[in-house]
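Enquirer: One structure follows; several queries about it will come next.
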There are 2 protein chains.
Amino acid sequence: MQPTKLSSSGSPRGVQLVRALVRALHPYVPGEQPKIKGLIKLNTNENPYPPSPRVLRVVKTAVDGRLRRYPNPAADRLREKLAQHHHCAPENIIVGNGSDELLALAVRAFVEPSPSAKTPKGKLARATVQYFTPSYSLYPVLAEMHGATTNAVPLESDFSLPGRAQLKRHKQWDFNAALTLVTTPNAPSGRGYATKELEALCVAQRGVVVLDEAYADFADANALPLALKFPHVLVARTFSKAYSLCFQRIGYFVGPMELIAALHKIRDSYNVNGLGQIAAETTLDDLAYYRANFRRIIATRIWLTGELTKLGFRVLPSETNFVLVQPARFPARDWLAKLGGQKILVRWFSAPELRNYLRITVGSQGEARALVAAVRQLLLG
Amino acid sequence: MQPTKLSSSGSPRGVQLVRALVRALHPYVPGEQPKIKGLIKLNTNENPYPPSPRVLRVVKTAVDGRLRRYPNPAADRLREKLAQHHHCAPENIIVGNGSDELLALAVRAFVEPSPSAKTPKGKLARATVQYFTPSYSLYPVLAEMHGATTNAVPLESDFSLPGRAQLKRHKQWDFNAALTLVTTPNAPSGRGYATKELEALCVAQRGVVVLDEAYADFADANALPLALKFPHVLVARTFSKAYSLCFQRIGYFVGPMELIAALHKIRDSYNVNGLGQIAAETTLDDLAYYRANFRRIIATRIWLTGELTKLGFRVLPSETNFVLVQPARFPARDWLAKLGGQKILVRWFSAPELRNYLRITVGSQGEARALVAAVRQLLLG
């Protein structure tokens with residue numbers, strides 16, 4: 001089914017009742033979720049493998065009269081399990097309706113909606129949301145929605161992080177930004193960052209830093225210890241991608257209890273649905289299943305990288321469940337359409353620094369084979 | 001399990017990174033959700049009856065590999081079914097993670113976060129959230145969280161709406177408030193309002209009016225037609241209470257497409273979990289089951305009202321699935337503790353206009369009997 005168009009034409013009175021800021025907003029556009037039979041969907045970084053049999057069994061069993069009851073408002077049991085898992089306290093954790101909800105809460109908890117006339121030198125720039133480009137394209141939307149100032153700073157041309165010395169020379173970088181959001185490993189490039197690099201960045205920042213680790217389970221390292229070391233660092237995680245639970249919307253933040261408590265204060269009272277809580281709790285009891293899947297996905301990623309490279313694609317090194325590629329022969333945007341014609345959906349971004357690339361989710365080995373076969377055929381055709 | 005305390009003491013740096021507005025906020029406190037065996041839970045207006053067998057069956061069947069996929073981002077199918085149900089277009093509907101999410105979105109879409117110096121006479125008071133007291137105690141929290149101005153206007157002493165003439169004489173009432181939130185039927189009083197009265201109120205307001213109809217299915221009338229008639233009126237509904245789906249967090253707004261489109265622009269991309277969407281869709285296919293439950297709950301409400309009245313309680317007329325009562329013999333707060341001792345949980349509010357009352361959910365006939373028996377015993381004891 002096609003998404004319904006949400007017209008905003010019509011009554012002039014209706015339009016005037018909407019805040020100017022909202023009227024001017026360009027909303028975030030998520031990857032397509034079409035329901036086409038036989039489609040190979042490599043556009044939104046979903047896991048090719050289902051949740052574990054145990055998770056499915058436990059969730060099925062929970063579908064009973066309890067649905068009439070409110071879920072636990074703070075996801076207490078899940079937070080306790082996560083705390084054990086990450087060797088911290090439940091007070092170091094907040095669970096959200098996907099990590100998107102928590103990113104939005106972070107903007108509202110730590111950033112003022114409008115800039116004061118001018119930030120005095122050395123003071124916190126209370127209205128600034130800072131991030132690298134390219135990274136998760138939701139960040140500027142969240143900032144604009146809130147009326148905050150955005151400070152988008154380019155990554156190096158190979159998508160590496162500028163070092164501290166480079167940032168110091170960087171005219172635009174703001175060590176006093178109220179909130180700095182870092183996607184690590186980076187999306188959409190797939191590049192991983194060393195914890196040492198991230199730590200140096202955190203140490204240099206005066207405001208809150210969110211290390212957004214949606215893909216950390218596919219990476220060589222993760223920066224979770226930083227969230228338990230510094231008073232201003234949060235790590236974002238999600239059950240969506242690595243744990244095959246996109247459908248039920250479970251993300252979480254780990255970090256210092258003062259920041260976590262602030263986020264709890266402004267979330268909806270019952271922000272996390274009950275079956276999602278149960279699914280995530282059970283996932284933590286069955287990690288061996290998921291770790292085996294990470295290994296399979298990483299093996300497929302290595303295979304796919306090799307095959308596409310042989311076909312003349314430039315494939316960037318990835319520590320995620322997707323690869324960013326510069327395709328051969330045709331412009332990236334044309335590949336999007338050509339692969340679509342073969343019922344293979346990948347992602348293309350119109351941003352100038354990305355328009356020569358395709359982002360391709362690492363699917364199952366079968367899906368990756370189908371993709372490579374289609375690419376080979378299109379190159380010949 | 002007791003909810004974990006969320007400490008906010010500790011690192012001074014952590015605290016300073018939180019916005020002053022958030023630090024000063026008194027968050028909304030939802031009713032307790034304890035898990036005590038044998039507890040009769042009449043404190044959060046949940047439905048005593050489970051979802052229909054068909055809903056449970058369909059949701060169980062949906063617990064499969066699809067959980068790895070993102071849900072439909074705009075709940076398209078559910079919106080189409082709701083549109084049929086309410087005789088409007090899908091563009092007139094937005095689905096939220098509970099109606100709480102949508103109320104918060106309405107504040108952010110229609111209200112500026114800080115008051116302009118002074119609103120010129122006759123202009124929209126862009127930063128004002130207006131509501132009656134008592135009503136849903138979340139409203140002031142949402143306004144304060146956003147940095148908006150609250151305008152809390154008392155209902156009449158019998159919880160009726162002030163008429164237009166009374167509002168005109170009322171010094172505090174603001175016909176230009178950017179957003180006016182009306183709980184109808186009212187919570188926590190249970191009082192229903194005639195659509196004619198609500199229409200007169202809507203006609204008099206220049207800003208957006210949300211008619212929050214969480215309990216409409218237990219009432220004699222509902223004001224949904226107003227949301228499809230006026231360019232500035234929204235009606236809020238939920239699957240939580242009447243449709244026994246608190247656990248899965250499904251609420252929705254119906255209204256003019258310009259306002260609905262603004263709310264869509266600022267919601268999270270995947271704000272509604274997939275199993276919740278499926279549960280709500282199936283509910284709409286099985287309304288006869290739910291309507292039979294409404295009749296049972298209303299019959300129990302009438303019975304409970306009679307019994308408590310006989311025991312000397314003053315029971316306010318209710319068009320909801322709860323009753324507000326002035327108890328006999330002991331102060332209301334003491335009744336809360338006394339009933340708690342009998343494993344019966346009811347709700348008490350500390351607000352001055354409510355502290356002499358208890359709010360009691362109409363449970364099953366068996367729960368209502370147990371409550372009446374406990375009250376009788378406590379009155380004798």
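Simple scheme: letters A, B, ... for chains in structure tokens order, numbers from 1 for residues in each chain, numbers from 1 for ligands in the order shown.
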Within 6 Å of chain B, which residues of chain A come that close, and what is the closest atom pair and distance in Å for each? Count only C-alpha atoms and give it as a Markdown table.
Expert:
| residue | atom | partner | partner_atom | distance |
| --- | --- | --- | --- | --- |
| A:Leu6 | CA | B:Ala261 | CA | 5.7 |
| A:Ser8 | CA | B:Glu258 | CA | 4.8 |
| A:Gly14 | CA | B:Pro231 | CA | 5.3 |
| A:Val15 | CA | B:Glu258 | CA | 5.8 |
| A:Val18 | CA | B:Phe110 | CA | 5.0 |
| A:Arg19 | CA | B:Phe110 | CA | 5.4 |
| A:Pro27 | CA | B:Lys265 | CA | 5.5 |
| A:Pro50 | CA | B:Gly65 | CA | 4.5 |
| A:Lys60 | CA | B:Lys60 | CA | 5.1 |
| A:Gly65 | CA | B:Pro50 | CA | 4.4 |
| A:Leu67 | CA | B:Phe247 | CA | 4.7 |
| A:Arg68 | CA | B:Ser244 | CA | 4.0 |
| A:Arg69 | CA | B:Cys246 | CA | 5.3 |
| A:Tyr70 | CA | B:Cys246 | CA | 4.7 |
| A:Pro71 | CA | B:Phe247 | CA | 4.9 |
| A:Glu91 | CA | B:Leu6 | CA | 5.7 |
| A:Ala109 | CA | B:Arg19 | CA | 6.0 |
| A:Phe110 | CA | B:Val18 | CA | 5.0 |
| A:Pro231 | CA | B:Gly14 | CA | 5.3 |
| A:Ser244 | CA | B:Arg68 | CA | 3.9 |
| A:Leu245 | CA | B:Arg68 | CA | 4.7 |
| A:Cys246 | CA | B:Tyr70 | CA | 4.7 |
| A:Phe247 | CA | B:Leu67 | CA | 4.7 |
| A:Gln248 | CA | B:Asn273 | CA | 4.9 |
| A:Arg249 | CA | B:Asn273 | CA | 5.9 |
| A:Glu258 | CA | B:Ser8 | CA | 4.8 |
| A:Ala261 | CA | B:Leu6 | CA | 5.7 |
| A:Lys265 | CA | B:Pro27 | CA | 5.5 |
| A:Asn273 | CA | B:Gln248 | CA | 4.9 |
| A:Gly274 | CA | B:Phe247 | CA | 5.0 |
Enquirer: Which residues are close to region 194-200 of chain A, i.e. within 12 Å by only C-alpha atoms, leaving aside same-chain residues fewer than 5 positions away? Reply as a PyMOL selection string.
Expert: chain A and resi 160-165+167+175+180-186+205+209-213+216+219-230+232-233+235+319
Enquirer: From the DSSP assignment of the backbone, select every residue of region 205-357 of chain A that is helix (DSSP H, G or I), and format the answer as a ChimeraX atom specification.
Expert: /A:216-218,224-227,246-248,257-266,274-284,287-310,332-341
Enquirer: One decimal, Å: what's the distance from CA of Gly190 (chain B) over to CA of Ala368 (chain B), could you say?
Expert: 16.9 Å
Enquirer: Do you know which residues are at most 12 Å from Ala351 (chain A) counting only C-alpha atoms, after dropping those on the same chain fewer than 2 positions away, and could you put them as a ChimeraX atom specification?
Expert: /A:133-135,137,188,333,348-349,353-358
Enquirer: Write out as a PyMOL selection string all residues of region 223-259 of chain B that DSSP puts in strand (DSSP E or B) for this structure's backbone.
Expert: chain B and resi 233-238+250-254
Enquirer: Could you jot down the CA of Ile360 (chain B) to CA of Phe294 (chain B) separation for me, Å, one decimal place?
Expert: 16.7 Å
Enquirer: Any idea what the distance is between CA of Val254 (chain B) and CA of Leu105 (chain B)?
Expert: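 Taking CA of Val254 (chain B) as the start and CA of Leu105 (chain B) as the end point, the length is 13.8 Å.
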Enquirer: Near Leu308 (chain B), within 10 Å and counting only C-alpha atoms, which residues show up once chain neighbours fewer than 6 positions away are dropped, as a list in words?
Expert: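 Everything that qualifies: Arg314, Val315, Val325, Gln326, Pro327, Ala328, Leu371, Val372, Val375 and Arg376 of chain B.
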Enquirer: Which of these residues is nearest to Ala373 (chain A), using only C-alpha atoms: A:Ile36, A:Val107, A:Leu304, A:Leu316?
Expert: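 So, comparing all the options, the nearest one is A:Leu304.
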Enquirer: Rank A:Ile344, A:Leu103, A:Leu380, A:Ala370 by their smallest atom-to-atom distance to Lys37 (chain A), using only C-alpha atoms, and report the top residue only.
Expert: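 Smallest distance to Lys37 (chain A) is found for A:Ile344.
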Enquirer: Neighbours of Phe330 (chain B) within 10 Å (only C-alpha atoms; same-chain residues fewer than 5 positions away dropped), as a list in words?
Expert: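 Returned residues: Trp335, Lys338, Asn356, Leu378 and Leu379 of chain B.
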